[in-house]
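Student: Structure provided below as structure tokens; questions to follow.
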Amino acid sequence: MGKNRADALPSSWEPQAHEADIYQRWVDRGYFTADVSSSKPPFSIVLPPPNVTGQLHMGHALDHTLADALVRRKRMQGYEVLWLPGMDHAGIATQTKVEAMLKETEGKTRWDYSREDFIEKVWEWKRKYGGTITTQMRAIGDSLDWSRERFTLDEGLSTAVQTIFKQLYDKGMIYRAHRLVNWSPVLETAVSDIEVVYKDVEGELVSFRYGSMNDDEPHVVVATTRIETMLGDVAIAVHPDDERYRDLVGTELPHPFREDLTLKVIADDYVDPEFGTGAVKITPAHDPNDYAMGLRHNLDMPSIMDKKGRIAGTGTRFDGLTREEARTALCEALREQGRIVKEIRPYVHSVGHSERSGEAIEPRLSMQWFVKVDELARMSGDAVRQGDTVIHPKALEPRYFDWVDDMHDWCISRQLWWGHRIPIWYGPEGEVVCVGPDEEPPQGEGWEQDPDVLDTWFSSALWPFSTMGWPDSTADLQRFYPTSVLVTAYDILFFWVARMMMFGTFAGTTTPEILGEAAEGRPQIPFTDLYLHGLVRDEKGRKMSKSLGNGIDPMDWVERFGADALRFALARGANPGVDLPLGEDAAQSSRNFATKLFNATRFALMNGAVVGELPAREELSDADRWILDELEAVRAQVDSYLDDYQFAKASEELYQFVWGTFCDWYLEIAKVQIPRELDAASEAERRRGEITQVVLGRVLNVVLKMLHPVMPFVTEVLWTALTGEESITIAPWPTAEDTNGGAERDERAARRIADLDKLVTELRRFRSDQGVKPSQKVPGRMDLGAVDLAEQEDLLRSLARIEEPGEGFQESASVEVRLSEGTLDVAVDTSGTVDVAAERKRLEKDLAKAQKELDTTGKKLGNENFLSKAPEAVVEKIRERQRVAQEEYDRLSQRLEALN
């Protein structure tokens with residue numbers, strides 16, 4: 001049956017002393033390396049690639065904890081698991097960091113280098129500083145297959161990017177056009193929607209007059225928070241039904257500063273006639289709504305700013321000014337002309353800012369490359385509607401459909417040097433050639449490659465299959481694609497998930513011989529399950545941010561509480577699709593849980609717990625059968641929860657079982673069932689002890705396995721000490737046979753132990769109320785046979801410290817307990833065990849406190865003025881306080897009466 005292995009454990013659990021060595025041992029032994037030739041069923045996940053510039057934040061920690069819990073469990077269930085790691089080159093973030101470094105160390109900008117030299121500088125930075133986050137991922141226990149680690153700019157992924165670009169281009173699904181985009185004047189590039197952060201800022205609302213200064217002649221008053229864009233105004237829009245402007249529609253008004261522009265008055269349903277003056281200035285080249293209106297009305301779209309956000313090309317004295325300078329200068333110029341209608345007043349409005357560089361984003365017309373998404377989006381929507389990909393939780397499906405069913409063409413070009421360069425070549429005679437990965441670019445004088453690079457999300461959209469070798473037909477693709485599940489936060493459902501679905505289904509149509517088919521001729525999808533978790537917020541539910549100072553560094557928690565505590569705190573709060581409020585109390589609670597588990601296992605091992613075969617069911621005591629049946633119920637429930645991605649419920653189920661059912665109850669029983677002095681014990685007592693040791697070992701074996709996916713480090717240490725086996729990482733996941741041997745639940749044993757629990761609790765409460773010391777035994781008389789607890793008498797007397805009555809027994813008190821099989825009356829003799837005077841004094845003091853609480857709550861509840869004004873919840877809380885106080889008063893009064 002094994003041997004006592006308590007000596008294999010340290011005296012206390014200090015995670016910092018063990019976790020790093022444990023993790024490296026796992027890696028060295030190859031536990032995380034997937035075997036493509038294995039006959040086991042496959043299970044695969046690709047890690048959402050963190051930025052090469054990144055550091056682990058709580059969102060990462062949650063995402064990685066849940067994915068790691070899935071893959072660790074699947075390994076134990078007998079799957080061949082591939083959890084594939086990698087990093088994103090993070091075009092804007094990385095180039096910005098390197099440019100800042102060069103400015104600080106060399107006083108240079110990227111323009112002081114050739115493109116090739118600057119890119120080499122970025123590679124040098126990546127080799128030296130990139131990948132901090134991978135070290136942190138190891139620290140929290142990510143069981144990733146490091147032998148397959150990928151980078152979005154490595155050679156294989158570059159081939160995949162070039163392949164799909166050409167496929168899309170040849171089908172007319174990639175095109176170049178002059179469109180309005182989010183523009184960063186600091187970075188001098190278009191940026192994606194996800195890189196725009198909206199902030200409320202204090203601006204100024206300026207009302208000014210277009211047209212004649214004579215009230216009897218055509219004129220219109222408009223208001224704007226972006227007065228600088230009026231240099232690009234080409235129209236004034238009003239609502240078609242607005243009688244005030246009906247006669248002006250179709251006329252033109254002169255521009256006060258530009259002779260080359262006139263402002264056409266147009267009618268459009270977009271305008272709200274109730275807002276402001278009911279007239280809106282239209283600057284199609286610098287506002288998304290104005291741009292849409294410009295397309296509808298075929299308006300000119302003059303750009304009035306250069307790449308740095310300075311006024312340019314207007315032919316006015318404002319050229320060369322920054323946006324802020326132009327704002328002030330134009331207000332002064334309009335005031336000089338008498339066109340300011342109202343005094344400028346503060347106005348708080350939401351403005352998009354660059355996430356990377358911090359400045360306000362400028363909507364700007366520029367020549368960019370786009371992906372035509374209508375067909376791709378349709379296939380992505382169909383994949384979910386037809387069940388090829390299943391979204392968990394289902395409640396988030398509508399959000400997915402809202403995005404894919406109303407998606408706009410995707411701007412994929414960025415004006416950077418770091419990234420996948422667009423594989424388009426321009427010839428001296430206007431030729432445009434798209435070059436595939438196996439093709440040579442055109443040669444000869446005058447041929448130039450497009451200078452832009454692709455949006456980082458373009459290469460990330462290929463991640464599930466490019467990382468496995470696509471467009472080649474690799475063994476990994478044939479074995480592990482499509483991936484089993486994608487674990488990610490719901491906030492990037494559109495930005496990343498939808499893009500992977502688009503490119504995955506598209507690649508499924510172009511290379512079905514490589515990627516296979518989903519079903520019935522439908523294109524293959526990149527993942528069969530999509531699990532969306534919520535965002536980590538602070539304990540008050542606020543978004544974590546530097547400005548609020550409420551961010552939590554997960555590595556700080558790892559250092560202070562251990563990786564297991566971090567992971568368990570996150571998993572315990574991870575309900576599908578719901579945000580997770582998190583504070584330090586959660587980490588401390590999880591740290592205490594790890595300590596409790598450690599101490600319980602150490603105690604069990606010191607008392608001979610072993611992993612062995614269970615004896616026949618009839619040899620087990622009621623307590624043994626009960627704990628094994630409870631263990632099976634928990635195992636089945638945890639399995640059900642994990643199959644449904646209910647990490648919080650599974651973690652809570654295990655927490656309550658380990659802390660309450662096992663540690664606080666069964667271990668107490670085990671102390672009684674295992675003889676302290678083996679030599680003095682009878683054969684029956686020794687046998688009962690041996691059985692209890694096996695039951696202890698079995699419960700711990702199963703509990704540690706079920707906790708391992710979320711708490712890998714402490715369970716590794718405890719399980720190997722318990723079993724003497726190599727590693728819990730490669731241990732089999734528990735089944736019903738491993739808990740209670742597959743037996744039917746013993747309801748009678750469960751009832752008896754529940755009654756025993758209630759009886760012990762009531763007797764302990766009585767002892768406490770009577771002031772009996774915990775270690776002191778009290779004589780007691782009872783008929784346990786009358787309530788079907790005769791077999792539990794030894795346990796009861798030991799746990800409740802109630803000894804057999806001897807000569808001179810005098811009943812001084814009685815404890816009546818209602819049980820499932822009737823009411824049990826326990827007569828006790830507390831004479832000689834209680835200092836009557838001291839106990840009376842204590843009870844009278846507590847009684848006075850209860851009376852004071854009754855008086856306080858009674859006054860409030862008797863105050864009609866208070867009751868009419870106070871919220872119902874407050875009143876109900878006071879009623880509850882009064883109820884508790886009354887119960888306490890009655891209980892203490894009875895104790896005093898009995899004492900007298």
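Naming scheme: A, B, ... for chains in displayed order of the structure tokens; residues 1 onward per chain; ligands 1 onward as shown.
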Excluding same-chain residues fewer than 3 positions from region 761-777 of chain A, what lies within 6 Å of it counting only C-alpha atoms, as JSON, numbers by chain?
Tutor: {"A": [758, 800, 801, 802]}
Student: Can you pull out every residue within 12 Å of Trp659 (chain A), counting only C-alpha atoms, but drop anything in the same chain fewer than 4 positions away, and send it as a count of residues only?
Tutor: 22
Student: Could you jot down the CA of Gly278 (chain A) to CA of Thr316 (chain A) separation for me, Å, one decimal place?
Tutor: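 Between CA of Gly278 (chain A) and CA of Thr316 (chain A) the gap is 28.8 Å.
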Student: Could you list, as a list in words, every residue within 12 Å of Thr723 (chain A), counting only C-alpha atoms and ignoring same-chain residues fewer than 6 positions away?
Tutor: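 Near neighbours after the sequence-gap exclusion: Met1, Gly2, Lys3, Asn4, Arg5, Ala6, Ala8, Thr601, Leu605, Ala609, Val610, Val611, Gly612, Val694, Gly697, Arg698, Leu700, Asn701, Val702, Leu704, Lys705, Thr715, Glu716, Val717 and Ala731 of chain A.
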Student: For the selection you just gave me, I'd like the residues written to a file as an mmCIF file, in the first residue's frame, keeping N, CA and C atoms.
Tutor:
data_model
loop_
_atom_site.group_PDB
_atom_site.id
_atom_site.type_symbol
_atom_site.label_atom_id
_atom_site.label_comp_id
_atom_site.auth_asym_id
_atom_site.auth_seq_id
_atom_site.Cartn_x
_atom_site.Cartn_y
_atom_site.Cartn_z
ATOM 1 N N MET A 1 0.820 -1.205 0.000
ATOM 2 C CA MET A 1 0.000 0.000 0.000
ATOM 3 C C MET A 1 0.854 1.256 0.000
ATOM 4 N N GLY A 2 2.131 1.180 -0.015
ATOM 5 C CA GLY A 2 2.965 2.376 -0.014
ATOM 6 C C GLY A 2 3.522 2.617 1.367
ATOM 7 N N LYS A 3 4.092 3.785 1.591
ATOM 8 C CA LYS A 3 4.691 4.077 2.891
ATOM 9 C C LYS A 3 4.488 5.544 3.233
ATOM 10 N N ASN A 4 4.733 5.847 4.494
ATOM 11 C CA ASN A 4 4.613 7.216 4.974
ATOM 12 C C ASN A 4 5.665 8.091 4.308
ATOM 13 N N ARG A 5 5.237 9.143 3.639
ATOM 14 C CA ARG A 5 6.175 10.003 2.924
ATOM 15 C C ARG A 5 6.159 11.439 3.430
ATOM 16 N N ALA A 6 5.750 11.652 4.674
ATOM 17 C CA ALA A 6 5.724 13.001 5.236
ATOM 18 C C ALA A 6 7.108 13.627 5.238
ATOM 19 N N ALA A 8 9.140 13.648 2.949
ATOM 20 C CA ALA A 8 9.453 14.227 1.636
ATOM 21 C C ALA A 8 8.973 15.664 1.525
ATOM 22 N N THR A 601 -2.437 17.672 3.986
ATOM 23 C CA THR A 601 -1.716 16.548 3.381
ATOM 24 C C THR A 601 -0.567 16.112 4.276
ATOM 25 N N LEU A 605 -0.146 12.424 5.889
ATOM 26 C CA LEU A 605 1.035 11.594 5.680
ATOM 27 C C LEU A 605 1.682 11.222 7.011
ATOM 28 N N ALA A 609 -1.232 8.087 5.894
ATOM 29 C CA ALA A 609 -2.061 8.045 4.680
ATOM 30 C C ALA A 609 -1.294 7.382 3.548
ATOM 31 N N VAL A 610 -1.966 6.496 2.828
ATOM 32 C CA VAL A 610 -1.335 5.785 1.725
ATOM 33 C C VAL A 610 -2.303 5.701 0.554
ATOM 34 N N VAL A 611 -1.735 5.522 -0.631
ATOM 35 C CA VAL A 611 -2.559 5.293 -1.816
ATOM 36 C C VAL A 611 -2.563 3.796 -2.083
ATOM 37 N N GLY A 612 -3.726 3.187 -1.922
ATOM 38 C CA GLY A 612 -3.821 1.747 -2.101
ATOM 39 C C GLY A 612 -5.225 1.337 -2.477
ATOM 40 N N VAL A 694 -5.989 4.419 4.165
ATOM 41 C CA VAL A 694 -6.217 4.240 2.727
ATOM 42 C C VAL A 694 -7.242 5.244 2.213
ATOM 43 N N GLY A 697 -5.642 8.618 1.906
ATOM 44 C CA GLY A 697 -4.804 8.657 0.713
ATOM 45 C C GLY A 697 -5.620 8.766 -0.560
ATOM 46 N N ARG A 698 -6.748 8.058 -0.606
ATOM 47 C CA ARG A 698 -7.590 8.092 -1.807
ATOM 48 C C ARG A 698 -8.209 9.480 -2.005
ATOM 49 N N LEU A 700 -7.118 12.365 -0.900
ATOM 50 C CA LEU A 700 -6.071 13.319 -1.283
ATOM 51 C C LEU A 700 -5.607 13.097 -2.711
ATOM 52 N N ASN A 701 -5.473 11.856 -3.107
ATOM 53 C CA ASN A 701 -5.051 11.535 -4.466
ATOM 54 C C ASN A 701 -5.990 12.184 -5.488
ATOM 55 N N VAL A 702 -7.294 12.039 -5.261
ATOM 56 C CA VAL A 702 -8.282 12.583 -6.192
ATOM 57 C C VAL A 702 -8.342 14.106 -6.102
ATOM 58 N N LEU A 704 -6.060 16.274 -5.113
ATOM 59 C CA LEU A 704 -4.859 16.899 -5.668
ATOM 60 C C LEU A 704 -4.876 16.864 -7.192
ATOM 61 N N LYS A 705 -5.364 15.779 -7.764
ATOM 62 C CA LYS A 705 -5.460 15.700 -9.220
ATOM 63 C C LYS A 705 -6.454 16.726 -9.760
ATOM 64 N N THR A 715 0.263 21.117 -5.769
ATOM 65 C CA THR A 715 -0.259 19.754 -5.970
ATOM 66 C C THR A 715 0.831 18.814 -6.440
ATOM 67 N N GLU A 716 1.799 19.330 -7.214
ATOM 68 C CA GLU A 716 2.921 18.489 -7.639
ATOM 69 C C GLU A 716 3.719 18.013 -6.433
ATOM 70 N N VAL A 717 4.036 18.935 -5.540
ATOM 71 C CA VAL A 717 4.827 18.597 -4.355
ATOM 72 C C VAL A 717 4.067 17.608 -3.462
ATOM 73 N N ALA A 731 -0.181 12.178 -14.459
ATOM 74 C CA ALA A 731 -1.077 11.230 -13.783
ATOM 75 C C ALA A 731 -2.438 11.226 -14.467
#
Student: Skip Val81 (chain A) itself and residues of its chain fewer than 4 positions away, then list as a PyMOL selection string all residues within 12 Å of it, counting only C-alpha atoms.
Tutor: chain A and resi 31-46+67-68+70-77+143-145+476+479-481+483-485+730
Student: What is the CA of Phe662 (chain A) to CA of Thr729 (chain A) distance in Å?
Tutor: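 Those two atoms sit 23.4 Å apart.
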Student: Using only C-alpha atoms, pick whichever of A:Ser303, A:Thr467, A:Gln337, A:Thr509 has the shortest atom-to-atom distance to Leu168 (chain A).
Tutor: A:Thr509
Student: Counting only C-alpha atoms, what is within 12 Å of Arg385 (chain A), bar same-chain residues fewer than 4 positions away, as a PyMOL selection string?
Tutor: chain A and resi 378-381+389-391+394+397-398+400-401+404-405
Student: Determine which residues of region 4-106 of chain A DSSP labels as alpha helix (DSSP H) from the backbone of this structure, then write them out as a ChimeraX atom specification.
Tutor: /A:19-28,58-76,91-105
